[in-house]
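What's in protein-v8.cif: mmCIF, C-alpha atoms
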```cif
data_work
#
loop_
_atom_site.label_atom_id
_atom_site.label_comp_id
_atom_site.auth_asym_id
_atom_site.auth_seq_id
_atom_site.Cartn_x
_atom_site.Cartn_y
_atom_site.Cartn_z
CA MET Q 105 13.99 -36.52 -76.42
CA THR Q 106 14.82 -36.28 -72.73
CA ARG Q 107 13.88 -33.03 -71.04
CA LEU Q 108 12.46 -31.64 -67.83
CA ILE Q 109 8.91 -30.33 -67.61
CA SER Q 110 8.01 -28.08 -64.69
CA ARG Q 111 4.91 -26.57 -63.19
CA HIS Q 112 4.91 -23.80 -60.62
CA LEU Q 113 1.94 -22.94 -58.46
CA ARG Q 114 1.02 -21.32 -55.20
CA GLY Q 115 -0.52 -23.24 -52.33
CA MET Q 116 -0.54 -23.47 -48.54
CA ASN Q 117 0.80 -19.91 -48.45
CA THR Q 118 3.99 -20.91 -50.18
CA ASP Q 119 5.41 -21.80 -53.58
CA PHE Q 120 5.17 -25.24 -55.15
CA HIS Q 121 7.46 -26.48 -57.92
CA LEU Q 122 6.95 -29.82 -59.63
CA THR Q 123 9.46 -31.11 -62.17
CA VAL Q 124 9.35 -34.32 -64.17
CA ARG Q 125 11.85 -35.85 -66.56
CA VAL Q 126 10.24 -37.08 -69.74
CA ASP Q 127 11.75 -39.19 -72.46
CA ASP Q 128 8.89 -38.74 -74.94
CA GLY Q 129 6.51 -36.00 -76.01
CA GLY Q 130 5.55 -35.21 -72.46
CA VAL Q 131 1.77 -35.36 -72.81
CA GLU Q 132 1.38 -37.83 -69.96
CA ALA Q 133 3.68 -35.74 -67.79
CA GLU Q 134 1.61 -32.61 -68.45
CA HIS Q 135 -1.50 -34.50 -67.42
CA ALA Q 136 0.18 -35.85 -64.31
CA LEU Q 137 1.40 -32.39 -63.30
CA ALA Q 138 -2.06 -30.92 -63.82
CA ALA Q 139 -3.60 -33.70 -61.74
CA SER Q 140 -0.99 -33.13 -59.03
CA ALA Q 141 -1.76 -29.42 -58.93
CA ALA Q 142 -5.48 -30.04 -58.70
CA TRP Q 143 -5.02 -32.56 -55.91
CA LEU Q 144 -2.76 -30.20 -53.96
CA GLY Q 145 -5.51 -27.59 -54.14
CA GLU Q 146 -7.94 -30.12 -52.69
CA ILE Q 147 -5.56 -30.96 -49.90
CA GLU Q 148 -5.22 -27.32 -48.94
CA ARG Q 149 -8.99 -26.96 -48.86
CA THR Q 150 -9.13 -30.06 -46.68
CA CYS Q 151 -6.27 -29.48 -44.26
CA SER Q 152 -5.97 -25.71 -43.84
CA ARG Q 153 -6.89 -24.26 -40.47
CA PHE Q 154 -7.16 -20.84 -42.14
CA LEU Q 155 -10.15 -21.87 -44.27
CA PRO Q 156 -13.25 -22.02 -42.06
CA GLU Q 157 -14.95 -24.41 -44.47
CA SER Q 158 -12.08 -26.92 -44.40
CA GLU Q 159 -12.59 -30.41 -43.14
CA LEU Q 160 -9.88 -29.84 -40.54
CA CYS Q 161 -11.81 -26.92 -39.06
CA ALA Q 162 -14.89 -29.10 -38.93
CA LEU Q 163 -12.92 -31.77 -37.11
CA ASN Q 164 -11.53 -29.26 -34.60
CA ALA Q 165 -15.04 -27.99 -33.97
CA SER Q 166 -16.23 -31.50 -33.24
CA ALA Q 167 -13.83 -32.20 -30.38
CA GLY Q 168 -15.36 -34.55 -27.86
CA GLN Q 169 -17.31 -36.59 -30.38
CA PRO Q 170 -16.45 -38.95 -33.23
CA PHE Q 171 -15.83 -37.32 -36.61
CA ALA Q 172 -16.07 -39.34 -39.82
CA ALA Q 173 -13.19 -38.07 -41.94
CA ARG Q 174 -12.68 -38.45 -45.64
CA GLY Q 175 -9.73 -40.46 -46.81
CA ASP Q 176 -7.08 -37.79 -47.16
CA LEU Q 177 -7.72 -36.04 -43.85
CA TYR Q 178 -7.70 -39.36 -42.07
CA ALA Q 179 -4.47 -40.37 -43.80
CA VAL Q 180 -2.56 -37.18 -42.99
CA ILE Q 181 -3.70 -37.22 -39.36
CA ALA Q 182 -2.75 -40.87 -39.02
CA ARG Q 183 0.71 -39.99 -40.35
CA ALA Q 184 0.96 -37.05 -37.97
CA MET Q 185 0.13 -39.36 -35.08
CA GLU Q 186 2.86 -41.74 -36.20
CA MET Q 187 5.34 -38.87 -36.21
CA ALA Q 188 4.24 -37.84 -32.72
CA ALA Q 189 4.73 -41.40 -31.47
CA HIS Q 190 8.10 -41.86 -33.19
CA THR Q 191 9.43 -38.58 -31.78
CA ALA Q 192 8.07 -39.14 -28.28
CA GLY Q 193 5.88 -36.07 -28.69
CA HIS Q 194 8.60 -33.66 -29.79
CA PHE Q 195 6.47 -33.37 -32.89
CA ASP Q 196 2.93 -32.68 -31.69
CA PRO Q 197 -0.02 -31.84 -33.98
CA THR Q 198 -2.12 -30.63 -31.02
CA ILE Q 199 -0.22 -27.37 -30.56
CA LEU Q 200 -2.89 -25.25 -32.23
CA PRO Q 201 -4.01 -23.53 -28.98
CA VAL Q 202 -0.47 -22.37 -28.24
CA LEU Q 203 0.10 -21.30 -31.83
CA LEU Q 204 -3.00 -19.14 -31.57
CA ALA Q 205 -1.86 -17.81 -28.20
CA ALA Q 206 1.45 -16.86 -29.77
CA GLY Q 207 -0.34 -14.86 -32.43
CA TYR Q 208 -0.32 -17.29 -35.35
CA SER Q 209 -4.06 -16.87 -35.85
CA ARG Q 210 -3.98 -15.79 -39.48
CA SER Q 211 -2.05 -17.08 -42.46
CA PHE Q 212 1.59 -16.19 -42.58
CA ASP Q 213 1.00 -14.08 -45.68
CA GLU Q 214 -0.88 -11.70 -43.37
CA ILE Q 215 1.25 -11.65 -40.23
CA GLY Q 216 4.70 -12.61 -41.50
CA GLN Q 217 7.53 -10.45 -40.16
CA ARG Q 218 5.09 -7.74 -39.01
CA GLU Q 219 3.98 -6.28 -35.71
CA ILE Q 220 0.69 -7.83 -34.59
CA GLY Q 221 0.41 -6.24 -31.16
CA THR Q 222 -1.13 -8.03 -28.21
CA SER Q 223 -4.73 -7.95 -29.36
CA GLU Q 224 -4.37 -11.24 -31.23
CA ALA Q 225 -1.97 -12.90 -28.89
CA ASN Q 226 -1.79 -13.75 -25.27
CA ALA Q 227 1.56 -13.18 -23.68
CA GLN Q 228 1.58 -16.67 -22.24
CA ALA Q 229 0.59 -20.08 -23.48
CA PRO Q 230 -2.84 -21.22 -22.35
CA SER Q 231 -2.60 -22.13 -18.69
CA ASP Q 232 -4.28 -25.45 -19.36
CA TRP Q 233 -1.69 -26.53 -21.93
CA HIS Q 234 -0.55 -30.06 -21.25
CA SER Q 235 1.92 -31.76 -23.51
CA GLY Q 236 1.17 -35.25 -24.73
CA ARG Q 237 -2.56 -34.98 -25.29
CA TRP Q 238 -2.04 -36.32 -28.79
CA ARG Q 239 -2.03 -39.72 -27.06
CA GLU Q 240 -5.72 -39.25 -26.25
CA ILE Q 241 -6.76 -38.89 -29.89
CA GLN Q 242 -8.66 -41.93 -31.07
CA LEU Q 243 -8.41 -43.18 -34.65
CA ASP Q 244 -10.66 -45.89 -35.96
CA THR Q 245 -9.16 -47.25 -39.13
CA ALA Q 246 -12.20 -49.29 -40.10
CA THR Q 247 -14.60 -46.36 -40.06
CA ARG Q 248 -12.03 -43.57 -40.60
CA THR Q 249 -13.40 -41.93 -37.52
CA ILE Q 250 -11.32 -39.48 -35.52
CA THR Q 251 -12.22 -38.49 -31.99
CA LEU Q 252 -10.43 -35.49 -30.52
CA PRO Q 253 -10.55 -35.02 -26.76
CA LEU Q 254 -12.34 -31.92 -25.52
CA ASP Q 255 -10.16 -28.80 -25.76
CA VAL Q 256 -7.80 -30.43 -28.25
CA ALA Q 257 -7.42 -28.98 -31.75
CA LEU Q 258 -5.04 -29.93 -34.52
CA ASP Q 259 -2.66 -27.93 -36.67
CA LEU Q 260 -1.25 -29.87 -39.62
CA GLY Q 261 1.18 -27.18 -40.72
CA GLY Q 262 4.13 -29.21 -39.49
CA VAL Q 263 3.38 -32.27 -41.52
CA ALA Q 264 0.93 -31.59 -44.35
CA LYS Q 265 3.42 -30.39 -46.97
CA GLY Q 266 5.77 -33.29 -46.39
CA TRP Q 267 2.94 -35.80 -46.48
CA ALA Q 268 1.53 -34.18 -49.63
CA ALA Q 269 4.92 -34.39 -51.37
CA ASP Q 270 5.06 -38.12 -50.69
CA GLU Q 271 1.50 -38.56 -51.92
CA VAL Q 272 2.10 -36.62 -55.14
CA ALA Q 273 5.02 -38.94 -55.79
CA ARG Q 274 3.00 -42.06 -55.04
CA ARG Q 275 -0.24 -41.12 -56.75
CA PHE Q 276 0.80 -39.13 -59.80
CA LEU Q 277 4.50 -39.23 -60.62
CA ASP Q 278 5.61 -42.73 -59.76
CA ALA Q 279 5.56 -43.83 -63.41
CA PHE Q 280 8.15 -41.26 -64.47
CA PRO Q 281 11.86 -42.00 -64.39
CA ALA Q 282 12.73 -38.89 -62.40
CA TYR Q 283 10.87 -36.17 -60.58
CA LEU Q 284 11.36 -33.37 -58.07
CA ILE Q 285 8.49 -32.26 -55.86
CA ASP Q 286 9.10 -29.03 -53.95
CA LEU Q 287 6.29 -27.89 -51.69
CA GLY Q 288 7.57 -24.74 -50.05
CA GLY Q 289 11.02 -26.18 -49.51
CA ASP Q 290 9.85 -29.63 -48.38
CA LEU Q 291 11.18 -31.88 -51.09
CA ARG Q 292 10.80 -35.34 -52.47
CA VAL Q 293 13.12 -36.36 -55.31
CA HIS Q 294 13.54 -39.52 -57.31
CA GLY Q 295 15.72 -40.68 -60.18
CA GLU Q 296 18.22 -38.87 -62.35
CA PRO Q 297 17.31 -35.68 -64.18
CA GLU Q 298 20.12 -36.40 -66.62
CA PRO Q 299 22.31 -39.44 -67.17
CA ASP Q 300 24.57 -40.28 -64.24
CA LYS Q 301 23.55 -37.22 -62.27
CA GLY Q 302 21.18 -37.01 -59.35
CA TRP Q 303 19.09 -34.04 -58.35
CA LEU Q 304 21.34 -31.31 -57.05
CA ILE Q 305 19.53 -29.82 -54.07
CA GLY Q 306 20.64 -26.57 -52.50
CA ILE Q 307 20.38 -26.05 -48.76
CA GLU Q 308 19.23 -22.51 -48.11
CA ASP Q 309 21.41 -20.14 -46.18
CA PRO Q 310 19.06 -19.27 -43.30
CA ARG Q 311 20.70 -15.85 -42.96
CA ALA Q 312 19.34 -14.95 -46.40
CA ALA Q 313 15.84 -16.41 -46.03
CA ALA Q 314 13.41 -14.19 -47.91
CA GLY Q 315 10.42 -12.70 -46.16
CA PRO Q 316 6.76 -13.31 -47.01
CA GLY Q 317 5.95 -12.29 -50.55
CA GLU Q 318 9.58 -11.64 -51.41
CA ARG Q 319 10.89 -13.25 -54.54
CA ALA Q 320 14.60 -13.02 -53.78
CA GLU Q 321 16.86 -15.51 -55.50
CA PRO Q 322 17.63 -18.23 -52.95
CA GLN Q 323 21.11 -18.35 -51.54
CA TYR Q 324 22.55 -21.71 -50.66
CA LEU Q 325 25.06 -22.76 -48.06
CA ALA Q 326 25.76 -26.07 -49.70
CA ALA Q 327 24.26 -28.65 -52.02
CA VAL Q 328 23.66 -32.37 -51.92
CA GLU Q 329 23.13 -34.77 -54.79
CA LEU Q 330 20.16 -37.07 -54.25
CA ARG Q 331 18.49 -39.84 -56.20
CA ASP Q 332 15.70 -40.95 -53.88
CA SER Q 333 15.04 -38.92 -50.79
CA GLY Q 334 12.89 -36.51 -48.89
CA VAL Q 335 14.43 -33.27 -47.63
CA ALA Q 336 13.14 -30.56 -45.31
CA THR Q 337 14.59 -27.66 -43.36
CA SER Q 338 13.25 -26.07 -40.22
CA GLY Q 339 14.14 -22.94 -38.33
CA PRO Q 340 12.74 -19.61 -37.22
CA ALA Q 341 14.43 -17.56 -39.94
CA ARG Q 342 11.41 -17.05 -42.17
CA ARG Q 343 8.20 -17.60 -40.18
CA TRP Q 344 8.26 -15.02 -37.44
CA TRP Q 345 6.31 -11.95 -36.41
CA LEU Q 346 6.56 -9.22 -33.81
CA ARG Q 347 4.47 -9.02 -30.65
CA ASP Q 348 5.03 -5.70 -28.92
CA GLY Q 349 8.41 -5.52 -30.59
CA GLN Q 350 9.39 -9.00 -29.47
CA ARG Q 351 10.17 -11.51 -32.17
CA VAL Q 352 8.01 -14.65 -32.00
CA ASN Q 353 8.28 -17.64 -34.32
CA HIS Q 354 6.09 -20.54 -35.32
CA LEU Q 355 8.24 -23.31 -33.83
CA ILE Q 356 6.48 -24.33 -30.65
CA ASP Q 357 8.20 -26.52 -28.11
CA PRO Q 358 5.46 -28.99 -27.09
CA ARG Q 359 7.18 -29.53 -23.75
CA THR Q 360 6.64 -25.93 -22.69
CA GLY Q 361 3.93 -24.68 -25.00
CA GLN Q 362 6.11 -21.70 -25.86
CA PRO Q 363 7.73 -20.60 -29.11
CA VAL Q 364 11.36 -21.59 -29.34
CA ALA Q 365 13.62 -18.75 -28.28
CA PRO Q 366 15.89 -17.86 -31.19
CA GLY Q 367 19.57 -18.24 -30.49
CA VAL Q 368 21.83 -15.25 -30.14
CA GLY Q 369 25.36 -14.71 -31.36
CA GLU Q 370 27.58 -16.30 -33.95
CA CYS Q 371 27.09 -19.78 -32.56
CA ALA Q 372 23.30 -19.62 -32.73
CA MET Q 373 21.75 -22.46 -34.67
CA LEU Q 374 19.51 -21.06 -37.39
CA SER Q 375 18.22 -24.15 -39.15
CA CYS Q 376 18.23 -27.92 -39.29
CA THR Q 377 17.97 -29.86 -42.53
CA VAL Q 378 16.95 -33.50 -42.49
CA LEU Q 379 17.27 -36.07 -45.27
CA SER Q 380 15.01 -39.05 -45.00
CA PRO Q 381 13.48 -41.69 -47.26
CA THR Q 382 10.19 -39.82 -47.13
CA SER Q 383 9.38 -36.15 -47.14
CA VAL Q 384 6.95 -36.39 -44.25
CA GLU Q 385 9.62 -37.83 -41.98
CA ALA Q 386 12.09 -35.16 -43.07
CA ASP Q 387 9.45 -32.50 -42.39
CA ALA Q 388 8.70 -33.72 -38.88
CA TYR Q 389 12.25 -34.56 -37.88
CA ALA Q 390 13.66 -31.25 -39.11
CA LYS Q 391 11.46 -29.53 -36.52
CA VAL Q 392 12.33 -32.07 -33.87
CA ALA Q 393 16.04 -31.73 -34.55
CA PHE Q 394 15.78 -27.97 -34.19
CA LEU Q 395 13.84 -28.26 -30.93
CA ARG Q 396 16.34 -30.70 -29.49
CA GLY Q 397 19.16 -28.35 -30.37
CA TYR Q 398 22.72 -28.98 -31.43
CA PRO Q 399 24.23 -31.57 -31.26
CA ALA Q 400 21.44 -33.66 -29.72
CA GLY Q 401 19.09 -32.99 -32.62
CA LEU Q 402 21.46 -34.45 -35.18
CA GLU Q 403 22.73 -37.26 -32.99
CA SER Q 404 19.24 -38.47 -32.18
CA LEU Q 405 18.05 -38.79 -35.77
CA PRO Q 406 16.86 -42.36 -36.41
CA SER Q 407 18.97 -44.67 -38.51
CA GLY Q 408 18.19 -44.16 -42.17
CA MET Q 409 18.10 -40.39 -41.73
CA ALA Q 410 20.80 -37.76 -41.80
CA GLY Q 411 21.02 -34.01 -41.64
CA LEU Q 412 22.95 -30.89 -40.92
CA CYS Q 413 22.61 -27.79 -38.78
CA ALA Q 414 23.41 -24.29 -40.00
CA PHE Q 415 24.71 -21.58 -37.71
CA ALA Q 416 24.66 -17.80 -37.60
CA ASP Q 417 28.30 -17.51 -38.61
CA GLY Q 418 27.62 -19.24 -41.93
CA THR Q 419 29.04 -22.60 -40.95
CA PHE Q 420 27.22 -25.88 -40.80
CA THR Q 421 27.80 -29.24 -39.23
CA PRO Q 422 26.69 -32.59 -40.67
CA SER Q 423 25.16 -35.42 -38.68
CA PRO Q 424 27.30 -38.49 -38.08
CA ARG Q 425 25.46 -40.45 -40.79
CA LEU Q 426 25.32 -37.80 -43.52
CA GLU Q 427 28.36 -39.10 -45.33
CA ALA Q 428 26.96 -42.63 -45.48
CA TYR Q 429 23.55 -41.36 -46.52
CA LEU Q 430 25.00 -39.39 -49.42
CA ALA Q 431 27.28 -42.22 -50.42
CA ALA Q 432 24.22 -44.45 -50.71
CA GLN Q 433 22.54 -41.81 -52.87
CA ALA Q 434 25.52 -41.59 -55.20
CA SER Q 435 24.54 -44.72 -57.07
CA PHE Q 436 21.21 -45.08 -58.78
CA GLU Q 437 21.20 -48.78 -58.00
CA GLY Q 438 22.52 -48.44 -54.49
CA TYR Q 439 20.24 -46.04 -52.72
CA ALA Q 440 18.19 -48.60 -50.86
CA HIS Q 441 17.73 -47.01 -47.50
CA ALA Q 442 19.01 -48.57 -44.35
CA MET Y 106 91.26 -14.15 -71.07
CA THR Y 107 91.67 -15.60 -67.57
CA ASN Y 108 89.20 -13.12 -66.18
CA ALA Y 109 86.74 -14.02 -68.93
CA ARG Y 110 87.05 -17.77 -68.11
CA SER Y 111 86.56 -16.98 -64.40
CA ARG Y 112 83.41 -15.05 -65.17
CA VAL Y 113 82.15 -17.99 -67.26
CA ARG Y 114 82.97 -20.43 -64.44
CA ARG Y 115 81.26 -18.19 -61.86
CA SER Y 116 78.28 -17.86 -64.18
CA ASN Y 117 78.11 -21.65 -64.59
CA TRP Y 118 78.23 -22.16 -60.83
CA SER Y 119 75.46 -19.61 -60.33
CA LEU Y 120 73.32 -21.37 -62.87
CA ARG Y 121 74.00 -24.74 -61.21
CA ILE Y 122 73.05 -23.36 -57.80
CA VAL Y 123 69.81 -21.86 -59.15
CA ALA Y 124 69.02 -25.13 -60.96
CA ALA Y 125 69.68 -27.11 -57.79
CA ILE Y 126 67.36 -24.88 -55.77
CA LEU Y 127 64.64 -25.17 -58.40
CA SER Y 128 65.07 -28.95 -58.49
CA ALA Y 129 64.80 -29.15 -54.73
CA LEU Y 130 61.66 -27.04 -54.73
CA ALA Y 131 60.16 -29.15 -57.50
CA PHE Y 132 61.07 -32.32 -55.59
CA VAL Y 133 59.37 -31.07 -52.42
CA GLY Y 134 56.34 -29.86 -54.37
CA PHE Y 135 55.99 -33.20 -56.10
CA TRP Y 136 55.97 -35.12 -52.85
CA GLN Y 137 53.56 -32.68 -51.26
CA ALA Y 138 51.21 -33.16 -54.16
CA ALA Y 139 51.67 -36.92 -54.13
CA ALA Y 140 50.94 -37.02 -50.42
CA GLY Y 141 47.82 -34.98 -50.89
CA ALA Y 142 49.07 -32.14 -48.77
CA PRO Y 143 46.50 -29.34 -48.51
CA ARG Y 144 47.16 -26.39 -50.69
CA ALA Y 145 45.67 -22.98 -50.65
CA THR Y 146 42.63 -22.54 -52.90
CA PRO Y 147 42.03 -18.82 -52.96
CA THR Y 148 38.54 -19.13 -54.43
CA ALA Y 149 37.31 -21.66 -51.87
CA PRO Y 150 35.44 -20.53 -48.75
CA THR Y 151 37.45 -20.21 -45.59
CA PRO Y 152 37.52 -23.58 -43.81
CA THR Y 153 35.61 -23.60 -40.58
CA PRO Y 154 35.39 -25.91 -37.60
CA SER Y 155 32.26 -27.34 -39.14
CA ASP Y 156 34.07 -28.32 -42.32
CA TYR Y 157 34.17 -31.93 -43.19
CA SER Y 158 35.68 -34.20 -45.74
CA LEU Y 159 32.87 -35.81 -47.63
CA PRO Y 160 33.18 -37.55 -50.96
CA THR Y 161 31.94 -36.08 -54.17
CA PRO Y 162 29.97 -36.73 -56.25
CA GLY Y 163 27.12 -37.11 -53.84
CA GLY Y 164 28.75 -35.41 -50.94
CA VAL Y 165 28.03 -32.01 -49.55
CA GLN Y 166 29.41 -29.38 -51.85
CA LEU Y 167 30.28 -25.90 -50.77
CA PRO Y 168 29.29 -22.79 -52.71
CA GLY Y 169 31.55 -22.33 -55.67
CA SER Y 170 31.89 -26.03 -56.16
CA PHE Y 171 28.44 -26.64 -57.58
CA GLY Y 172 26.45 -25.14 -60.38
CA SER Y 173 22.84 -24.10 -60.27
CA PRO Y 174 20.85 -26.57 -58.16
CA HIS Y 175 17.72 -28.16 -59.58
CA GLY Y 176 15.86 -27.09 -56.46
CA GLY Y 177 16.40 -26.19 -52.88
CA THR Y 178 15.16 -26.92 -49.40
CA ARG Y 179 14.02 -23.72 -47.71
CA VAL Y 180 13.69 -22.86 -44.08
CA SER Y 181 10.09 -23.38 -43.07
#
```
Is it possible to give me this structure as structure tokens?
Amino acid sequence: MTRLISRHLRGMNTDFHLTVRVDDGGVEAEHALAASAAWLGEIERTCSRFLPESELCALNASAGQPFAARGDLYAVIARAMEMAAHTAGHFDPTILPVLLAAGYSRSFDEIGQREIGTSEANAQAPSDWHSGRWREIQLDTATRTITLPLDVALDLGGVAKGWAADEVARRFLDAFPAYLIDLGGDLRVHGEPEPDKGWLIGIEDPRAAAGPGERAEPQYLAAVELRDSGVATSGPARRWWLRDGQRVNHLIDPRTGQPVAPGVGECAMLSCTVLSPTSVEADAYAKVAFLRGYPAGLESLPSGMAGLCAFADGTFTPSPRLEAYLAAQASFEGYAHA
Amino acid sequence: MTNARSRVRRSNWSLRIVAAILSALAFVGFWQAAAGAPRATPTAPTPTPSDYSLPTPGGVQLPGSFGSPHGGTRVS
């Protein structure tokens, strides 16, 4: 009997939802979902900068000397470096010093949408911030050794969830005919949850984004039907805090080392959604598209990706390739990506 | 008797005129529909400059035109 089995859990300071279509009793699916949940917990303990005992914190503390990383940390950092190279540094995993300077020194559950004052944040980015230092990071594939330059520290918040969604698909759910992996809104979907229908994925209305800890029913601007895709949305609507009454958000522009200034007025862009063959690419490029602004962010998406930008007046605009992307997703046989 | 016949004739002519108007309206409506002319859909959201014409299924669907999604991408 065909049905969907789901598991919901909390991780990386957000909500995870895993759903698998099963055509039998579902025992294997239950095992796969449990294994996925356990692995996601391991990844958080490995990659979180908020856990002092994490391997990422150990790596950041070892800047200036080679660090022998375990497989998963090495893999996610290697992927982050690829994203930095592909986006010409618009995505930059070395922004941790400026994130800290902006006040993002504790998990978002603790600072989200609250006044933090100036004690935890400097008003300006560190004066020694230089964009592009990700190029100085050395990766040795043979020994899985990572060498960070002195004064460089990594934050994987912009890529870890997307990468993890791809890895859950590859490692645990690939044998199932259809699955949906939702790690805090970064999605990876595959197959058809029911005959002749893809996964219907809502695109959140950024004007109604719930705050930290809120369990409001999501409100969607639109929906897309997907059969094999990653999806992610970026914007300042949810992850922001107040510093002396001034709103600051977590989206750092690596070119300036400053948080992106939120737009004002009805024409302000509030979010960018990117659809890509993998979740990690969608995750990284959603941020890059937002940083580049409208319309450059959508127009500069690589071939094989598409997206849309949502605005403060409730409208949204698709990228030039969105129609073709969705048309390719409309057929289960025909969604080979360009 | 003559007056009665006149009233019948006038009544017939009125009916013919009404029928002709209705036929003309139906004719115009048919061709509008056949040509795919846009018609008001009171329940649909107000079109905006960012509206688009994408195919469904698989295309972007506005609120009201889709059921409950299986999941959603959230701003992060």
So, with only C-alpha atoms as the atoms that count, which of Q:Gly261, Q:Pro197, Q:Pro281, Q:Gly175 lies closest to chain Y?
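The closest residue to chain Y is Q:Gly261.
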Report the distance between CA of Gly172 (chain Y) and CA of Asp300 (chain Q) in Å, rounded to one decimal place.
15.7 Å
Which is closest to chain Y among Q:Glu240, Q:Glu385, Q:Glu296, Q:Asp357, if we use only C-alpha atoms?
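That would be Q:Glu296, the residue with the smallest distance to chain Y.
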Test item: which residues lie within 12 Å of (-6.4, -32.2, -49.0) counting only C-alpha atoms, as a ChimeraX atom specification:
/Q:115-116,140-153,155,158-160,173-181,260,264-265,267-269,271-272
Could you turn the residues from that selection into a file that holds C-alpha atoms, as a PDB file, keeping the file's coordinate frame?
```pdb
ATOM      1  CA  GLY Q 115      -0.520 -23.240 -52.330  1.00  0.00           C
ATOM      2  CA  MET Q 116      -0.540 -23.470 -48.540  1.00  0.00           C
ATOM      3  CA  SER Q 140      -0.990 -33.130 -59.030  1.00  0.00           C
ATOM      4  CA  ALA Q 141      -1.760 -29.420 -58.930  1.00  0.00           C
ATOM      5  CA  ALA Q 142      -5.480 -30.040 -58.700  1.00  0.00           C
ATOM      6  CA  TRP Q 143      -5.020 -32.560 -55.910  1.00  0.00           C
ATOM      7  CA  LEU Q 144      -2.760 -30.200 -53.960  1.00  0.00           C
ATOM      8  CA  GLY Q 145      -5.510 -27.590 -54.140  1.00  0.00           C
ATOM      9  CA  GLU Q 146      -7.940 -30.120 -52.690  1.00  0.00           C
ATOM     10  CA  ILE Q 147      -5.560 -30.960 -49.900  1.00  0.00           C
ATOM     11  CA  GLU Q 148      -5.220 -27.320 -48.940  1.00  0.00           C
ATOM     12  CA  ARG Q 149      -8.990 -26.960 -48.860  1.00  0.00           C
ATOM     13  CA  THR Q 150      -9.130 -30.060 -46.680  1.00  0.00           C
ATOM     14  CA  CYS Q 151      -6.270 -29.480 -44.260  1.00  0.00           C
ATOM     15  CA  SER Q 152      -5.970 -25.710 -43.840  1.00  0.00           C
ATOM     16  CA  ARG Q 153      -6.890 -24.260 -40.470  1.00  0.00           C
ATOM     17  CA  LEU Q 155     -10.150 -21.870 -44.270  1.00  0.00           C
ATOM     18  CA  SER Q 158     -12.080 -26.920 -44.400  1.00  0.00           C
ATOM     19  CA  GLU Q 159     -12.590 -30.410 -43.140  1.00  0.00           C
ATOM     20  CA  LEU Q 160      -9.880 -29.840 -40.540  1.00  0.00           C
ATOM     21  CA  ALA Q 173     -13.190 -38.070 -41.940  1.00  0.00           C
ATOM     22  CA  ARG Q 174     -12.680 -38.450 -45.640  1.00  0.00           C
ATOM     23  CA  GLY Q 175      -9.730 -40.460 -46.810  1.00  0.00           C
ATOM     24  CA  ASP Q 176      -7.080 -37.790 -47.160  1.00  0.00           C
ATOM     25  CA  LEU Q 177      -7.720 -36.040 -43.850  1.00  0.00           C
ATOM     26  CA  TYR Q 178      -7.700 -39.360 -42.070  1.00  0.00           C
ATOM     27  CA  ALA Q 179      -4.470 -40.370 -43.800  1.00  0.00           C
ATOM     28  CA  VAL Q 180      -2.560 -37.180 -42.990  1.00  0.00           C
ATOM     29  CA  ILE Q 181      -3.700 -37.220 -39.360  1.00  0.00           C
ATOM     30  CA  LEU Q 260      -1.250 -29.870 -39.620  1.00  0.00           C
ATOM     31  CA  ALA Q 264       0.930 -31.590 -44.350  1.00  0.00           C
ATOM     32  CA  LYS Q 265       3.420 -30.390 -46.970  1.00  0.00           C
ATOM     33  CA  TRP Q 267       2.940 -35.800 -46.480  1.00  0.00           C
ATOM     34  CA  ALA Q 268       1.530 -34.180 -49.630  1.00  0.00           C
ATOM     35  CA  ALA Q 269       4.920 -34.390 -51.370  1.00  0.00           C
ATOM     36  CA  GLU Q 271       1.500 -38.560 -51.920  1.00  0.00           C
ATOM     37  CA  VAL Q 272       2.100 -36.620 -55.140  1.00  0.00           C
TER      38      VAL Q 272
END
```
One decimal, in Å: what's the spacing between CA of Pro406 (chain Q) and CA of Leu426 (chain Q)?
12.0 Å
I need the contact residues of chain Q against chain Y, so if you could list those with any atom within 9 Å, counting only C-alpha atoms, and return them as JSON, numbers by chain, that would help.
{"Q": [121, 284, 286, 288, 289, 290, 291, 297, 301, 302, 303, 304, 305, 306, 307, 308, 309, 310, 313, 322, 324, 325, 326, 327, 328, 329, 330, 335, 336, 337, 338, 339, 340, 341, 342, 343, 375, 376, 377, 419, 420, 421, 422, 426, 427, 430, 431, 432, 433, 434, 435]}
Between CA of Pro299 (chain Q) and CA of Arg275 (chain Q), what is the distance in Å, rounded to a tenth?
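Computing it gives 24.9 Å between the two atoms.
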The residues within 10 Å of (3.2, -9.9, -44.8), using all atoms listed in the file and the coordinates of the file, should be reported as a list in words; which are they?
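Answer for this query, in the requested form: Ser211, Phe212, Asp213, Glu214, Ile215, Gly216, Gln217, Arg218, Glu219, Gly315, Pro316, Gly317, Glu318 and Trp345 of chain Q.
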So which residues get picked by the PyMOL selection byres ((chain Q and resi 393) around 9) here, written as a count of residues only?
23
For the provided coordinates, the residues matched by the PyMOL selection byres ((chain Q and resi 196) around 10) should be stated as a PyMOL selection string.
chain Q and resi 184-185+187-189+191-195+197-200+235-239+258-260+262-263+356-359+388+392
